[in-house]
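This report refers to the structure that appears directly beneath it.
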Amino acid sequence: MISVDNLAVEFSGQTLFKDVSFTINENDKIALMGKNGAGKSTMMKIIAGVQNATRGHVRSPKDTVIAYLPQHLLTKDNATVFEEASKAFAHVFKMRDEMEALNKQLETRTDYESDEYMKIIERVSDLGEKYYALEDVNYDAEVEKALKGLGFKQNDFTRPTNEFSGGWRMRIELAKILLQKPDLILLDEPTNHIDIESVIWLEDFLVNKANAVLVISHDRAFIDNITNRTIEVTMGRIYDYKANYSHYLQLREDRRTHQIKAYQEQQKFIADNMQFIERFKGTYSKTNQVSSRERMLEKLERIEIDEVDTSALRLRFPATQRSGDYPVTVKDVSKSYDEHVVFNDANMSIARGEKVCFVGRNGEGKSTMIKAILGEIEVEGTCTLGHNVQVGYFAQNQAALLDESLTVFQTVDEVAKGDVRTQIKNILGGFMFRGEDIDKKVSVLSGGEKTRLAMVKLLLEPVNLLILDEPTNHLDLKSKDVLKEALQNFDGTLILVSHDRDFLQGLSKKVFEFKEKRVIEHFETIDDFLARNRVESLKGLDL
């Protein structure tokens with residue numbers, strides 16, 4: 001059991017949270033929730049031991065192993081993928097190697113009665129007791145299963161880690177954490193860099209193999225599937241629910257309803273007493289009563305209503321011209337890089353107004369197909385955009401195209417037309433730009449903030465073919481809801497690449513699956529596709 005006792009964090013005269021206490025029990029699967037800036041990541045870093053609290057302690061039994069996967073990771077290592085993942089068992093290999101070295105010494109030494117010889121005997125005995133008490137594990141097989149489950153292929157195992165992007169290196173760190181089987185796993189946005197099949201594999205691992213888990217995530221389906229408890233950080237304190245995220249939302253709404261009622265009753269109570277004080281202040285016969293009520297009001301603990309964004313932001317794409325019947329036609333398209341075949345003989349016709357999603361493991365060609373459709377790369381076969389198609393494209397590097405000399409507000413004001421200009425502040429608020437944020441220069445924004453701003457800019461441009469490549473990675477749940485509703489009301493054609501199942505639900509009735517160098521068309525919703533895919537994708541994995 002890990003105990004968090006009276007944690008407080010203060011900086012620059014402000015209190016992030018105070019007097020926070022809770023326990024993490026064996027096999028607890030906890031979602032750590034709250035709006036951006038509430039202190040979730042800070043609290044996780046304190047539990048991980050990488051940041052200090054202003055006050056309070058985190059206590060755990062001796063030898064408790066806590067493993068932490070941060071949201072952003074900087075690694076510099078020239079080991080291969082397999083070697084790096086195998087470091088999860090470094091402590092086991094170190095024990096084995098030390099035992100072997102000491103046994104070789106015993107084979108050659110003849111000073112059987114010496115103190116040094118007896119110390120070696122004792123050390124070998126101690127190591128042997130620990131080593132042979134470990135579960136009999138085929139470590140190489142465990143590393144292979146974890147890496148394959150997280151999307152690596154066999155030929156990736158011998159490649160140096162420095163050949164991989166930050167997202168893939170994050171997966172290697174995640175594999176190391178899972179292989180260690182720690183007492184507590186701390187995960188900060190673990191699904192941002194992995195595809196749907198890997199998310200499904202990770203879910204099953206965390207539910208069936210992991211001990212305690214504490215996770216921060218904006219992937220609603222992921223946290224609903226793995227958690228049985230929700231801790232909400234809000235207004236400097238926490239609320240602890242024995243419920244998954246969806247149930248917690250209902251309980252939180254009930255709590256807020258009671259808060260509002262209690263707040264209104266308290267305000268009436270305060271007003272009545274203030275009226276009495278004002279009326280009888282200076283009246284000699286009422287002096288004691290007035291003083292008593294003044295002291296009571298000073299000591300009264302004021303009820304606060306939890307901060308909840310109740311704004312009903314409705315974002316609609318600006319009107320645009322009607323496109324041809326088939327905005328996108330792909331015929332017999334193949335793409336290779338040297339000897340590496342991405343896909344062969346791909347065909348697709350996407351009709352006007354159709355909303356489709358591209359799914360598949362990373363590296364199977366989803367983004368490559370988008371680039372082919374946009375004419376950014378050369379391919380065999382033909383990719384044709386239909387008559388009068390106006391394309392809006394959101395890519396992972398979209399943030400790099402922003403003008404860094406403009407402010408957040410100016411960036412959006414440049415593209416906003418008509419009545420929507422009166423809503424710019426509300427729209428920016430819906431995407432987590434609030435207060436002074438809107439006056440910041442683009443140049444000082446973080447990568448995630450730039451990505452969100454690029455999304456807002458795209459949503460206000462008139463297009464009839466919208467192509468979104470992983471649009472939700474830096475959005476909170478509220479922002480994702482705003483974007484999803486806008487896409488549901490979008491009357492143009494949509495191509496969506498995403499691993500966020502909750503976001504995909506209700507957005508498309510056709511799925512293009514990229515798998516084993518093929519593009520397979522499925523006339524079904526993402527729910528139906530994943531119901532089959534969940535079974536099929538796990539057949540070869542011994543979980």
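Labeling convention for the structure tokens: chains A, B, ... as they appear, residues from 1 per chain, ligands from 1 in order of appearance.
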Inset, instruction - Quick one: everything within 10 Å of Glu449 of chain A, counting only C-alpha atoms, minus sequence neighbours fewer than 6 positions away in the same chain. Send it as a list in words. - result: Ala399, Val408, Phe431, Met432, Phe433, Asp437, Val442, Met455, His474 and Leu475 of chain A
Kindly assemble as a Markdown table a list of the segment 210-274 of chain A residues that lie within 12 Å of segment 458-472 of chain A, each paired with its nearest atom pair and their distance in Å to one decimal, using only C-alpha atoms, sorted first by chain and then by ascending residue number.
```
| residue | atom | partner | partner_atom | distance |
| --- | --- | --- | --- | --- |
| A:Ser217 | CA | A:Thr472 | CA | 11.6 |
| A:His218 | CA | A:Thr472 | CA | 8.8 |
| A:Asp219 | CA | A:Thr472 | CA | 9.1 |
| A:Arg220 | CA | A:Thr472 | CA | 11.8 |
```
Output C-alpha atoms of each residue in that selection to a file, as an mmCIF file, in the first residue's frame.
```cif
data_model
loop_
_atom_site.group_PDB
_atom_site.id
_atom_site.type_symbol
_atom_site.label_atom_id
_atom_site.label_comp_id
_atom_site.auth_asym_id
_atom_site.auth_seq_id
_atom_site.Cartn_x
_atom_site.Cartn_y
_atom_site.Cartn_z
ATOM 1 C CA SER A 217 -5.387 10.125 -20.049
ATOM 2 C CA HIS A 218 -7.790 11.978 -22.327
ATOM 3 C CA ASP A 219 -8.746 8.693 -24.040
ATOM 4 C CA ARG A 220 -12.182 8.080 -22.554
#
```
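The list of residues with at least one atom within 7 Å of Ile66 of chain A, based on only C-alpha atoms and without residues fewer than 2 positions apart in the same chain, reads Ala48, Thr64, Tyr68, Pro182, Asp183, Leu184 and Ile185 of chain A.
For Arg109 of chain A, the set of protein, DNA and RNA residues having any atom at most 12 Å away, when counting only C-alpha atoms and skipping those fewer than 5 positions along the same chain, is Leu102, Asn103, Lys104, Ser114, Glu116, Tyr117, Met118, Ile120 and Ile121 of chain A.
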For the selection just defined, write its residues with N, CA and C atoms to a file, as a PDB file, in the first residue's frame.
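In the end it all went to again.pdb:
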```pdb
ATOM      1  N   LEU A 102      31.486 -15.230  -9.075  1.00  0.00           N
ATOM      2  CA  LEU A 102      31.899 -15.705  -7.758  1.00  0.00           C
ATOM      3  C   LEU A 102      32.133 -17.213  -7.755  1.00  0.00           C
ATOM      4  N   ASN A 103      31.293 -17.959  -8.472  1.00  0.00           N
ATOM      5  CA  ASN A 103      31.486 -19.419  -8.555  1.00  0.00           C
ATOM      6  C   ASN A 103      32.788 -19.776  -9.253  1.00  0.00           C
ATOM      7  N   LYS A 104      33.164 -18.970 -10.260  1.00  0.00           N
ATOM      8  CA  LYS A 104      34.450 -19.206 -10.920  1.00  0.00           C
ATOM      9  C   LYS A 104      35.602 -18.962  -9.955  1.00  0.00           C
ATOM     10  N   SER A 114      39.743 -19.334   4.923  1.00  0.00           N
ATOM     11  CA  SER A 114      39.912 -17.892   5.097  1.00  0.00           C
ATOM     12  C   SER A 114      38.556 -17.184   5.220  1.00  0.00           C
ATOM     13  N   GLU A 116      37.756 -14.415   3.728  1.00  0.00           N
ATOM     14  CA  GLU A 116      37.335 -13.952   2.399  1.00  0.00           C
ATOM     15  C   GLU A 116      36.600 -15.057   1.651  1.00  0.00           C
ATOM     16  N   TYR A 117      37.102 -16.294   1.773  1.00  0.00           N
ATOM     17  CA  TYR A 117      36.452 -17.434   1.111  1.00  0.00           C
ATOM     18  C   TYR A 117      35.038 -17.618   1.677  1.00  0.00           C
ATOM     19  N   MET A 118      34.913 -17.509   3.002  1.00  0.00           N
ATOM     20  CA  MET A 118      33.604 -17.685   3.626  1.00  0.00           C
ATOM     21  C   MET A 118      32.634 -16.566   3.225  1.00  0.00           C
ATOM     22  N   ILE A 120      32.627 -15.056   0.334  1.00  0.00           N
ATOM     23  CA  ILE A 120      32.175 -15.381  -1.028  1.00  0.00           C
ATOM     24  C   ILE A 120      31.080 -16.444  -0.972  1.00  0.00           C
ATOM     25  N   ILE A 121      31.282 -17.454  -0.118  1.00  0.00           N
ATOM     26  CA  ILE A 121      30.269 -18.510   0.046  1.00  0.00           C
ATOM     27  C   ILE A 121      28.933 -17.901   0.487  1.00  0.00           C
TER      28      ILE A 121
END
```
Inset, instruction - Step one, run DSSP on the backbone; step two, keep only residues of segment 292-530 of chain A assigned to helix (DSSP H, G or I); then write them as an MDAnalysis selection string. - result: chainID A and resid 292:299 366:373 398:401 408:413 418:430 435:439 442:444 447:459 477:489 501:504 526:530
